$ cat query07.csv   # CSV, C-alpha atoms
chain,number,residue,atom,x,y,z
A,110,MET,CA,72.3,187.9,-104.4
A,111,SER,CA,69.5,185.8,-103.0
A,112,PHE,CA,66.1,186.5,-104.6
A,113,THR,CA,63.6,188.8,-102.9
A,114,SER,CA,60.7,188.4,-105.3
A,115,ILE,CA,59.2,185.9,-107.7
A,116,PRO,CA,59.7,186.5,-111.4
A,117,ILE,CA,56.8,186.7,-113.9
A,118,LEU,CA,57.1,185.0,-117.3
A,119,ASP,CA,54.8,185.3,-120.3
A,120,LEU,CA,54.2,181.9,-121.8
A,121,ALA,CA,52.9,183.5,-125.0
A,122,SER,CA,56.5,184.6,-125.7
A,123,ALA,CA,57.6,181.0,-126.1
A,124,SER,CA,55.5,180.8,-129.2
A,125,ASP,CA,57.1,183.9,-130.8
A,126,PRO,CA,60.4,183.1,-132.5
A,127,ALA,CA,61.6,186.7,-131.9
A,128,LYS,CA,60.8,186.5,-128.2
A,129,LYS,CA,61.6,182.9,-127.4
A,130,PRO,CA,65.3,183.4,-126.7
A,131,GLU,CA,64.7,186.0,-124.1
A,132,PHE,CA,61.9,183.8,-122.6
A,133,LEU,CA,64.3,180.9,-122.2
A,134,ARG,CA,66.9,183.2,-120.6
A,135,GLU,CA,64.4,184.4,-118.1
A,136,LEU,CA,63.2,180.8,-117.5
A,137,ARG,CA,66.8,179.6,-116.9
A,138,HIS,CA,67.2,182.4,-114.3
A,139,ALA,CA,64.0,181.3,-112.5
A,140,LEU,CA,65.0,177.6,-112.6
A,141,MET,CA,68.6,178.2,-111.2
A,142,GLU,CA,68.1,181.0,-108.8
A,143,VAL,CA,64.5,180.9,-107.5
A,144,GLY,CA,62.7,177.6,-108.1
A,145,PHE,CA,59.4,179.5,-108.4
A,146,LEU,CA,57.8,181.7,-111.0
A,147,TYR,CA,54.6,183.2,-112.1
A,148,LEU,CA,53.3,182.2,-115.5
A,149,LYS,CA,50.8,184.2,-117.5
A,150,ASN,CA,49.0,183.7,-120.8
A,151,VAL,CA,49.0,179.9,-120.3
A,152,GLY,CA,46.3,179.3,-122.9
A,153,ILE,CA,43.3,178.7,-120.5
A,154,SER,CA,40.3,181.1,-120.8
A,155,ASP,CA,39.3,183.3,-118.0
A,156,GLU,CA,35.9,181.7,-118.2
A,157,LEU,CA,37.3,178.2,-117.4
A,158,PHE,CA,39.5,179.6,-114.6
A,159,GLN,CA,36.4,181.2,-113.1
A,160,ARG,CA,34.4,178.0,-113.3
A,161,VAL,CA,37.2,176.1,-111.6
A,162,ILE,CA,37.4,178.7,-108.8
A,163,THR,CA,33.6,179.0,-108.3
A,164,LEU,CA,33.0,175.2,-108.3
A,165,GLY,CA,36.1,174.6,-106.2
A,166,LYS,CA,34.9,176.9,-103.5
A,167,GLY,CA,31.4,175.5,-103.8
A,168,PHE,CA,32.7,172.0,-103.0
A,169,PHE,CA,33.2,173.0,-99.4
A,170,ASP,CA,29.6,174.2,-99.1
A,171,ILE,CA,28.0,170.9,-100.0
A,172,PRO,CA,26.5,168.9,-97.0
A,173,GLU,CA,29.0,167.2,-94.8
A,174,GLU,CA,27.4,163.8,-95.4
A,175,GLU,CA,28.0,164.2,-99.1
A,176,LYS,CA,31.7,165.0,-98.6
A,177,MET,CA,32.1,162.1,-96.2
A,178,LYS,CA,30.7,159.7,-98.9
A,179,ILE,CA,33.9,160.4,-100.8
A,180,GLU,CA,36.3,160.5,-97.9
A,181,MET,CA,39.9,159.6,-98.8
A,182,LYS,CA,40.1,156.6,-96.5
A,183,ASN,CA,37.2,155.0,-98.3
A,184,ALA,CA,39.6,154.1,-101.2
A,185,ASN,CA,43.1,152.8,-101.5
A,186,SER,CA,44.1,155.5,-104.1
A,187,PHE,CA,44.6,158.5,-101.8
A,188,LEU,CA,42.0,160.3,-103.9
A,189,GLY,CA,39.0,161.9,-102.2
A,190,TYR,CA,38.0,164.2,-99.5
A,191,SER,CA,40.1,165.0,-96.4
A,192,ARG,CA,38.6,166.6,-93.3
A,193,LEU,CA,40.2,169.6,-91.6
A,194,SER,CA,43.6,168.8,-90.0
A,195,ALA,CA,43.8,165.3,-91.5
A,196,GLU,CA,47.3,165.7,-93.1
A,197,ILE,CA,50.7,166.0,-91.6
A,198,THR,CA,53.7,168.0,-92.9
A,199,ALA,CA,57.0,168.5,-91.2
A,200,GLY,CA,55.7,166.5,-88.2
A,201,GLU,CA,52.9,169.0,-87.6
A,202,ILE,CA,49.2,168.9,-88.4
A,203,ASP,CA,48.2,171.0,-91.4
A,204,HIS,CA,45.1,173.2,-90.8
A,205,ARG,CA,43.4,172.6,-94.2
A,206,GLU,CA,40.4,170.9,-95.7
A,207,GLN,CA,40.7,169.5,-99.2
A,208,ILE,CA,39.8,167.1,-102.0
A,209,ASP,CA,42.4,165.2,-104.0
A,210,LEU,CA,41.7,164.4,-107.7
A,211,SER,CA,43.6,163.1,-110.6
A,212,THR,CA,43.3,162.6,-114.4
A,213,GLU,CA,41.0,159.6,-114.7
A,214,HIS,CA,42.4,156.0,-114.7
A,215,PRO,CA,40.6,152.7,-114.5
A,216,ILE,CA,41.0,150.3,-111.6
A,217,PRO,CA,44.4,148.5,-111.8
A,218,LYS,CA,44.4,145.1,-113.3
A,219,PRO,CA,44.9,142.0,-111.0
A,220,GLY,CA,48.6,141.4,-110.3
A,221,SER,CA,49.6,145.0,-110.8
A,222,PRO,CA,52.3,146.4,-108.4
A,223,LEU,CA,50.7,147.7,-105.2
A,224,TYR,CA,51.6,151.3,-106.0
A,225,HIS,CA,49.4,151.1,-109.1
A,226,ASN,CA,46.5,151.6,-106.7
A,227,LEU,CA,47.4,155.2,-107.0
A,228,LEU,CA,46.2,155.0,-110.6
A,229,SER,CA,42.5,154.7,-109.9
A,230,PRO,CA,39.2,156.4,-110.6
A,231,ASN,CA,38.4,159.6,-108.7
A,232,GLN,CA,35.9,159.8,-105.9
A,233,TRP,CA,33.6,162.6,-107.3
A,234,PRO,CA,30.9,164.4,-105.4
A,235,ALA,CA,27.4,163.5,-106.6
A,236,GLU,CA,26.3,165.6,-109.7
A,237,GLU,CA,23.1,166.7,-107.9
A,238,SER,CA,25.2,168.1,-105.0
A,239,LEU,CA,27.5,170.2,-107.3
A,240,PRO,CA,26.3,170.3,-110.9
A,241,GLY,CA,29.1,170.7,-113.4
A,242,PHE,CA,31.9,170.0,-111.0
A,243,ARG,CA,33.1,166.8,-112.6
A,244,GLU,CA,32.9,168.1,-116.1
A,245,THR,CA,34.8,171.3,-115.3
A,246,TYR,CA,37.6,169.6,-113.3
A,247,THR,CA,38.0,166.9,-115.9
A,248,GLU,CA,38.5,169.5,-118.6
A,249,TYR,CA,40.8,171.6,-116.5
A,250,MET,CA,43.1,168.7,-115.5
A,251,ASN,CA,43.3,167.5,-119.1
A,252,ARG,CA,44.2,171.0,-120.3
A,253,MET,CA,46.7,171.5,-117.5
A,254,GLY,CA,48.3,168.1,-118.3
A,255,LYS,CA,49.1,169.1,-121.8
A,256,ILE,CA,50.3,172.5,-120.7
A,257,SER,CA,52.6,171.0,-118.1
A,258,VAL,CA,54.2,168.5,-120.5
A,259,SER,CA,54.7,171.3,-123.0
A,260,PHE,CA,56.3,173.6,-120.4
A,261,THR,CA,58.7,170.8,-119.4
A,262,SER,CA,60.0,170.8,-122.9
A,263,LEU,CA,60.7,174.5,-122.5
A,264,ILE,CA,62.5,173.8,-119.3
A,265,ALA,CA,64.7,171.3,-121.2
A,266,GLU,CA,65.5,173.9,-123.8
A,267,ALA,CA,66.3,176.5,-121.2
A,268,ILE,CA,69.1,174.4,-119.8
A,269,GLU,CA,70.3,173.4,-123.3
A,270,LEU,CA,68.9,169.8,-123.3
A,271,PRO,CA,66.8,168.4,-126.2
A,272,SER,CA,63.2,169.5,-125.9
A,273,ASN,CA,62.1,165.9,-125.6
A,274,ALA,CA,64.6,165.1,-122.8
A,275,PHE,CA,61.9,164.4,-120.2
A,276,ASN,CA,59.5,162.5,-122.4
A,277,LYS,CA,60.8,159.0,-121.4
A,278,PHE,CA,59.4,159.7,-117.9
A,279,PHE,CA,55.8,160.3,-119.0
A,280,ASP,CA,53.3,157.5,-119.6
A,281,GLU,CA,51.2,157.7,-122.7
A,282,ASP,CA,48.2,158.2,-120.4
A,283,GLN,CA,50.2,160.1,-117.8
A,284,GLN,CA,48.4,160.6,-114.4
A,285,HIS,CA,48.5,164.2,-113.1
A,286,LYS,CA,47.0,165.3,-109.7
A,287,LEU,CA,45.1,168.2,-108.4
A,288,LYS,CA,44.0,169.4,-105.0
A,289,ILE,CA,41.3,171.9,-104.0
A,290,VAL,CA,42.3,173.3,-100.7
A,291,LYS,CA,40.5,175.4,-98.1
A,292,TYR,CA,42.6,177.1,-95.4
A,293,PRO,CA,40.3,178.4,-92.6
A,294,ASP,CA,41.4,181.6,-91.0
A,295,LEU,CA,42.8,181.6,-87.4
A,296,GLN,CA,39.5,182.7,-85.9
A,297,GLU,CA,37.6,179.8,-87.5
A,298,LEU,CA,40.3,177.5,-86.2
A,299,GLY,CA,39.8,178.8,-82.6
A,300,LYS,CA,43.3,180.4,-82.7
A,301,GLY,CA,42.2,184.1,-83.0
A,302,ASP,CA,44.9,185.2,-80.5
A,303,GLU,CA,47.7,183.7,-82.5
A,304,LYS,CA,49.6,185.7,-85.1
A,305,GLN,CA,50.6,182.7,-87.3
A,306,GLY,CA,49.3,179.2,-87.9
A,307,GLN,CA,50.4,176.4,-90.2
A,308,GLY,CA,48.3,175.9,-93.3
A,309,VAL,CA,51.0,173.7,-94.7
A,310,GLY,CA,54.4,173.2,-93.1
A,311,PRO,CA,57.8,173.9,-94.9
A,312,HIS,CA,58.2,171.4,-97.7
A,313,LYS,CA,59.3,170.9,-101.3
A,314,ASP,CA,57.2,169.4,-104.0
A,315,SER,CA,58.1,165.9,-104.9
A,316,MET,CA,57.8,165.5,-108.7
A,317,LEU,CA,58.7,167.7,-111.6
A,318,SER,CA,56.6,170.9,-111.5
A,319,SER,CA,53.3,172.2,-110.0
A,320,TYR,CA,50.9,174.9,-111.1
A,321,LEU,CA,49.0,176.8,-108.5
A,322,LEU,CA,45.8,178.7,-109.1
A,323,GLN,CA,45.4,181.1,-106.1
A,324,ALA,CA,41.6,181.3,-105.8
A,325,THR,CA,41.4,184.2,-103.3
A,326,GLN,CA,43.4,187.4,-102.7
A,327,HIS,CA,44.9,186.2,-99.4
A,328,ARG,CA,48.6,186.2,-98.9
A,329,GLY,CA,49.9,183.1,-97.3
A,330,LEU,CA,52.2,181.2,-99.7
A,331,GLN,CA,55.8,181.9,-98.9
A,332,VAL,CA,59.0,180.8,-100.5
A,333,GLN,CA,62.3,180.5,-98.7
A,334,ASN,CA,65.4,182.0,-100.3
A,335,ILE,CA,69.0,180.9,-99.7
A,336,ARG,CA,69.4,183.3,-96.8
A,337,GLY,CA,66.5,181.6,-95.1
A,338,GLU,CA,64.2,184.5,-95.5
A,339,TRP,CA,60.5,183.9,-96.3
A,340,ILE,CA,59.4,185.7,-99.5
A,341,ASP,CA,55.7,186.4,-100.1
A,342,CYS,CA,54.2,184.9,-103.3
A,343,PRO,CA,50.9,186.9,-103.4
A,344,PRO,CA,48.1,186.3,-105.9
A,345,ILE,CA,48.5,188.0,-109.2
A,346,ALA,CA,45.5,188.0,-111.5
A,347,GLY,CA,45.8,185.9,-114.7
A,348,THR,CA,48.8,183.9,-113.5
A,349,LEU,CA,49.6,180.4,-112.2
A,350,VAL,CA,52.5,180.0,-109.7
A,351,VAL,CA,54.9,177.3,-110.9
A,352,ALA,CA,57.0,175.5,-108.4
A,353,ILE,CA,60.0,173.3,-109.4
A,354,GLY,CA,59.9,169.8,-107.7
A,355,GLN,CA,62.6,167.6,-106.4
A,356,GLY,CA,62.3,165.3,-109.3
A,357,LEU,CA,63.3,168.0,-111.7
A,358,GLU,CA,66.2,168.9,-109.5
A,359,ALA,CA,67.4,165.3,-109.4
A,360,LEU,CA,67.1,164.7,-113.1
A,361,THR,CA,69.0,167.9,-114.0
A,362,GLN,CA,71.9,167.2,-111.6
A,363,GLY,CA,70.9,170.1,-109.3
A,364,VAL,CA,70.8,172.7,-112.1
A,365,CYS,CA,67.1,173.3,-111.5
A,366,VAL,CA,66.5,174.2,-107.9
A,367,SER,CA,63.5,173.0,-105.8
A,368,THR,CA,62.7,175.5,-103.2
A,369,THR,CA,61.3,175.1,-99.7
A,370,HIS,CA,57.9,176.8,-99.3
A,371,ARG,CA,55.0,177.0,-96.8
A,372,VAL,CA,51.5,178.3,-96.4
A,373,LEU,CA,50.4,180.3,-93.4
A,374,SER,CA,46.8,180.2,-92.1
A,375,PRO,CA,44.8,183.4,-93.0
A,376,ALA,CA,44.8,186.0,-90.2
A,377,ALA,CA,41.8,186.0,-87.9
A,378,GLY,CA,38.7,187.7,-89.5
A,379,THR,CA,40.0,187.6,-93.1
A,380,GLY,CA,38.0,184.5,-94.1
A,381,ALA,CA,39.3,181.2,-95.7
A,382,ARG,CA,42.0,181.1,-98.3
A,383,PHE,CA,41.3,178.8,-101.3
A,384,SER,CA,44.0,177.4,-103.6
A,385,ILE,CA,44.0,174.9,-106.4
A,386,PRO,CA,47.4,173.3,-107.1
A,387,PHE,CA,47.9,171.0,-110.1
A,388,PHE,CA,50.8,168.6,-109.9
A,389,GLN,CA,52.5,167.3,-113.0
A,390,GLY,CA,52.9,163.5,-112.8
A,391,VAL,CA,55.8,161.2,-113.6
A,392,LYS,CA,55.7,157.5,-114.7
A,393,LEU,CA,55.3,155.5,-111.4
A,394,ASP,CA,57.2,152.6,-112.9
A,395,ALA,CA,60.4,154.7,-113.3
A,396,GLU,CA,63.3,153.2,-111.4
A,397,PHE,CA,65.6,155.2,-109.2
A,398,GLU,CA,68.6,153.5,-110.9
A,399,ASP,CA,67.5,155.1,-114.2
A,400,LEU,CA,66.4,158.4,-112.6
A,401,GLU,CA,69.6,159.1,-110.8
A,402,THR,CA,72.3,157.5,-113.2
A,403,VAL,CA,70.8,158.0,-116.7
A,404,GLY,CA,68.1,160.6,-116.1
A,405,VAL,CA,67.7,163.1,-118.9
A,406,GLY,CA,71.3,163.0,-119.9
A,407,LYS,CA,74.2,165.2,-119.0
A,408,VAL,CA,73.4,168.9,-118.6
A,409,PRO,CA,76.0,170.9,-120.6
A,410,GLN,CA,79.1,171.9,-118.5
A,411,SER,CA,78.6,175.6,-119.2
A,412,VAL,CA,75.1,175.4,-117.7
A,413,ARG,CA,76.2,173.4,-114.7
A,414,GLU,CA,79.0,176.0,-114.2
A,415,GLN,CA,76.4,178.8,-114.2
A,416,ARG,CA,74.5,177.0,-111.5
A,417,ARG,CA,77.7,176.5,-109.5
A,418,GLN,CA,78.4,180.3,-109.7
A,419,VAL,CA,74.9,181.0,-108.5
A,420,LEU,CA,75.5,178.8,-105.4
A,421,GLU,CA,78.9,180.4,-104.8
A,422,ALA,CA,77.5,183.9,-105.0
A,423,ASN,CA,74.8,183.1,-102.5
A,424,GLY,CA,77.0,181.3,-100.0
A,425,GLY,CA,76.7,177.8,-101.5
A,426,HIS,CA,73.9,176.8,-99.2
A,427,ILE,CA,71.8,173.8,-100.1
A,428,ASP,CA,69.1,173.0,-97.5
A,429,ASP,CA,68.3,169.6,-96.2
A,430,VAL,CA,64.6,169.0,-96.8
A,431,GLU,CA,64.0,165.3,-97.1
A,432,PHE,CA,64.7,164.1,-100.6
A,433,THR,CA,62.2,161.8,-102.3
A,434,PHE,CA,64.4,160.7,-105.2
A,435,ARG,CA,67.1,158.6,-103.5
A,436,ARG,CA,68.5,155.2,-104.3
A,437,GLY,CA,69.5,152.7,-101.7
A,438,GLY,CA,66.3,153.0,-99.6
A,439,VAL,CA,63.3,150.7,-99.3
A,440,ALA,CA,61.7,151.9,-102.5
A,441,LYS,CA,63.2,150.9,-105.9
A,442,THR,CA,60.7,152.7,-108.1
A,443,LEU,CA,59.1,156.1,-108.0
A,444,GLY,CA,55.7,154.5,-107.4
A,445,GLU,CA,56.9,152.7,-104.3
A,446,ALA,CA,58.4,155.9,-102.9
A,447,THR,CA,55.2,157.9,-103.7
A,448,LEU,CA,53.0,155.3,-102.0
A,449,ARG,CA,55.2,155.4,-98.9
A,450,ASN,CA,55.0,159.2,-98.9
A,451,ARG,CA,51.2,159.1,-99.1
A,452,VAL,CA,50.9,156.7,-96.3
A,453,LYS,CA,53.2,158.9,-94.2
A,454,SER,CA,51.1,162.0,-94.9
A,455,HIS,CA,47.7,160.2,-94.5
A,456,PRO,CA,48.2,157.6,-91.7
A,457,ASP,CA,44.4,157.0,-91.5
A,458,VAL,CA,44.4,155.8,-95.0
A,459,GLY,CA,47.5,153.7,-94.3
A,460,GLU,CA,45.9,152.0,-91.3
A,461,ARG,CA,43.0,150.9,-93.4
A,462,TRP,CA,44.7,149.9,-96.7
A,463,TYR,CA,48.5,149.6,-96.1
A,464,PRO,CA,49.1,148.6,-92.5
A,465,ASP,CA,52.4,146.9,-93.2
A,466,ILE,CA,53.8,150.0,-94.9
A,467,LEU,CA,52.6,152.2,-92.1
A,468,ALA,CA,54.1,149.9,-89.5
A,469,SER,CA,57.4,150.0,-91.4
A,470,ILE,CA,57.3,153.8,-91.5
A,471,ARG,CA,56.5,154.1,-87.8
A,472,GLU,CA,59.4,151.7,-87.0
A,473,GLU,CA,61.8,153.9,-89.0
A,474,GLN,CA,60.5,157.0,-87.2
A,475,ALA,CA,60.9,155.3,-83.8
A,476,GLN,CA,64.5,154.3,-84.6
A,477,ALA,CA,65.2,157.9,-85.8
A,478,GLU,CA,63.8,159.3,-82.5
A,479,GLN,CA,65.9,156.9,-80.5
A,480,LYS,CA,69.1,157.9,-82.3
A,481,ALA,CA,68.2,161.6,-81.8
A,482,ALA,CA,67.3,161.2,-78.1
A,483,PRO,CA,70.8,161.6,-76.5
A,484,ALA,CA,71.5,164.8,-78.5
A,485,PRO,CA,72.1,167.8,-76.1
A,486,ILE,CA,70.2,170.2,-78.4
A,487,GLU,CA,66.8,170.0,-80.1
A,488,VAL,CA,66.9,168.2,-83.4
A,489,PRO,CA,65.0,170.2,-86.1
A,490,VAL,CA,62.1,168.6,-87.9
A,491,VAL,CA,63.0,167.8,-91.5
A,492,ALA,CA,60.4,168.9,-93.9
A,493,ALA,CA,59.2,166.2,-96.2
A,494,ALA,CA,58.6,166.3,-99.9
A,495,VAL,CA,54.8,166.5,-100.3
A,496,GLU,CA,52.1,167.9,-102.6
A,497,ALA,CA,50.6,171.0,-101.2
A,498,HIS,CA,50.1,174.7,-101.7

$ encode --input "query07.csv" --output "structure tokens"
Amino acid sequence: MSFTSIPILDLASASDPAKKPEFLRELRHALMEVGFLYLKNVGISDELFQRVITLGKGFFDIPEEEKMKIEMKNANSFLGYSRLSAEITAGEIDHREQIDLSTEHPIPKPGSPLYHNLLSPNQWPAEESLPGFRETYTEYMNRMGKISVSFTSLIAEAIELPSNAFNKFFDEDQQHKLKIVKYPDLQELGKGDEKQGQGVGPHKDSMLSSYLLQATQHRGLQVQNIRGEWIDCPPIAGTLVVAIGQGLEALTQGVCVSTTHRVLSPAAGTGARFSIPFFQGVKLDAEFEDLETVGVGKVPQSVREQRRQVLEANGGHIDDVEFTFRRGGVAKTLGEATLRNRVKSHPDVGERWYPDILASIREEQAQAEQKAAPAPIEVPVVAAAVEAH
């Protein structure tokens, strides 16, 4: 039966030998049948969570000119501030305002691959504009980086792989990313008469896993089950929402499922929704040949059979959201594919820093439109793999 709610797992149980087997069983269920889960007792204090939330909301209250000093298109790293409605998902404009951050890296050395531009210093707001912001978010990203890598080892155990099966795809100084996102309500967007608006269009996350801190009590995040129904994923105090990415699905031969999800704009008069998703990174130099042929090794047949039975019981449907991890395309490495995805999502940055890549993407899109033009029925928009919640 297709899922109708999101399971809640207690990470503390993974540290208790008596409780760990049941935790791994529950985790396997979430990985195979849902692709989403709530995680509680992750090892971060309420005090740090509250600082992250308070300063995250506070970022949007600093003067506009201070935010524009760190606008994303000022740098070639796709890190920095994005004004309202500056990003595109599933061919439609997303109604959100945000700042993109990552664990700190120095400017790439001369001669590095172009996609190493993604491994660059953050654009931080001035300390006097928002005291403590940089320190708090540096601490939070570093803590979440360790938690995400540790949790990935539990994912490996849950599907009967060695606990270190994914380690080869992490750099020693692995980059992880984070967004702080504000979704204005429909009234603020001038759409007060509409019942529903796109905060983020339908998509799947592109890497291994993401960890969402829902900073307000708004509903809005929805997950699509196999029957095509949208299931609410409301805020639950003391939890992070974990989403499985397409990278994990690829590396586990489809055993771990990456699930389509979206964010609806808050209803008119309910105020802005704030969310803070953290995205676990993967080595950008990883080659698709290795990712898709060697990967993390063969998942045991008994586990793959269990996943097959899940699909069979639910109609065997696998949706067609655009897949980031694919050989035979323009990109040969994960970094190249990631850079192209970022240019596609942020064409204003592409125009300034990567005009050749943007031109290539637009040519591909034009060719796809030409092929679709004679069709007698409307061709649905394919949702891209992106980073958003």

$ atom_distance --input "query07.csv" --atom1 "CA of Phe387 in chain A" --atom2 "CA of Pro311 in chain A"
18.4 Å

$ residues_near_point --input "query07.csv" --point "(49.3, 167.9, -116.7)" --cutoff "8 Å" --atoms "all atoms listed in the file" --output "VMD selection string"
chain A and resid 250 to 258 283 to 286 387 to 390

$ residues_around --input "query07.csv" --residues "Thr247 in chain A" --least-positions-apart "5" --cutoff "9 Å" --atoms "only C-alpha atoms" --output "list in words"
Ser211, Thr212, Glu213, Phe242 and Arg252 of chain A

$ atom_distance --input "query07.csv" --atom1 "CA of His455 in chain A" --atom2 "CA of Phe187 in chain A"
8.1 Å

$ residues_near_point --input "query07.csv" --point "(41.8, 161.4, -102.0)" --cutoff "9 Å" --atoms "only C-alpha atoms" --output "count of residues only"
21

$ residues_around --input "query07.csv" --residues "Val332 in chain A" --least-positions-apart "5" --cutoff "9 Å" --atoms "all atoms listed in the file" --output "PDB file with C-alpha atoms, in the coordinates of the input"
ATOM      1  CA  ILE A 115      59.200 185.900-107.700  1.00  0.00           C
ATOM      2  CA  VAL A 143      64.500 180.900-107.500  1.00  0.00           C
ATOM      3  CA  PHE A 145      59.400 179.500-108.400  1.00  0.00           C
ATOM      4  CA  PRO A 311      57.800 173.900 -94.900  1.00  0.00           C
ATOM      5  CA  GLU A 338      64.200 184.500 -95.500  1.00  0.00           C
ATOM      6  CA  TRP A 339      60.500 183.900 -96.300  1.00  0.00           C
ATOM      7  CA  ILE A 340      59.400 185.700 -99.500  1.00  0.00           C
ATOM      8  CA  ASP A 341      55.700 186.400-100.100  1.00  0.00           C
ATOM      9  CA  CYS A 342      54.200 184.900-103.300  1.00  0.00           C
ATOM     10  CA  THR A 368      62.700 175.500-103.200  1.00  0.00           C
ATOM     11  CA  THR A 369      61.300 175.100 -99.700  1.00  0.00           C
ATOM     12  CA  HIS A 370      57.900 176.800 -99.300  1.00  0.00           C
ATOM     13  CA  ARG A 371      55.000 177.000 -96.800  1.00  0.00           C
ATOM     14  CA  VAL A 372      51.500 178.300 -96.400  1.00  0.00           C
TER      15      VAL A 372
END

$ residues_around --input "query07.csv" --residues "Ile117 in chain A" --least-positions-apart "6" --cutoff "6 Å" --atoms "only C-alpha atoms" --output "ChimeraX atom specification"
/A:146-148

$ residues_around --input "query07.csv" --residues "Ser367 in chain A" --least-positions-apart "2" --cutoff "6 Å" --atoms "only C-alpha atoms" --output "list in words"
Gly144, Ile353, Gly354 and Gln355 of chain A

$ closest_atom_pairs --input "query07.csv" --of "range 202-236 of chain A" --to "range 394-418 of chain A" --cutoff "10 Å" --atoms "all atoms listed in the file" --output "CSV"
residue,atom,partner,partner_atom,distance
A:Pro222,CA,A:Asp394,CA,9.1
A:Tyr224,CA,A:Asp394,CA,9.0
A:His225,CA,A:Asp394,CA,8.8

$ residues_around --input "query07.csv" --residues "Tyr249 in chain A" --least-positions-apart "4" --cutoff "8 Å" --atoms "all atoms listed in the file" --output "list in words"
Leu157, Val161, Thr245 and Met253 of chain A

$ atom_distance --input "query07.csv" --atom1 "CA of Ala139 in chain A" --atom2 "CA of Ala265 in chain A"
13.3 Å

$ closest_residue --input "query07.csv" --among "A:Glu237, A:Glu478, A:Asp155, A:Glu206" --to "Glu175 in chain A" --atoms "all atoms listed in the file"
A:Glu237

$ closest_residue --input "query07.csv" --among "A:Asn226, A:Ser122, A:Gln362, A:Gln326" --to "Pro344 in chain A" --atoms "only C-alpha atoms"
A:Gln326

$ closest_residue --input "query07.csv" --among "A:Pro126, A:Pro375, A:Gly306, A:Gly356" --to "Gly329 in chain A" --atoms "all atoms listed in the file"
A:Pro375

$ closest_residue --input "query07.csv" --among "A:Lys453, A:Lys129, A:Lys480, A:His138" --to "Ile268 in chain A" --atoms "all atoms listed in the file"
A:His138

$ closest_residue --input "query07.csv" --among "A:Ala274, A:Ile289, A:Ala346, A:Leu227" --to "Gly167 in chain A" --atoms "all atoms listed in the file"
A:Ile289

$ closest_residue --input "query07.csv" --among "A:Phe275, A:Trp233, A:Phe260, A:Phe168" --to "Leu120 in chain A" --atoms "all atoms listed in the file"
A:Phe260
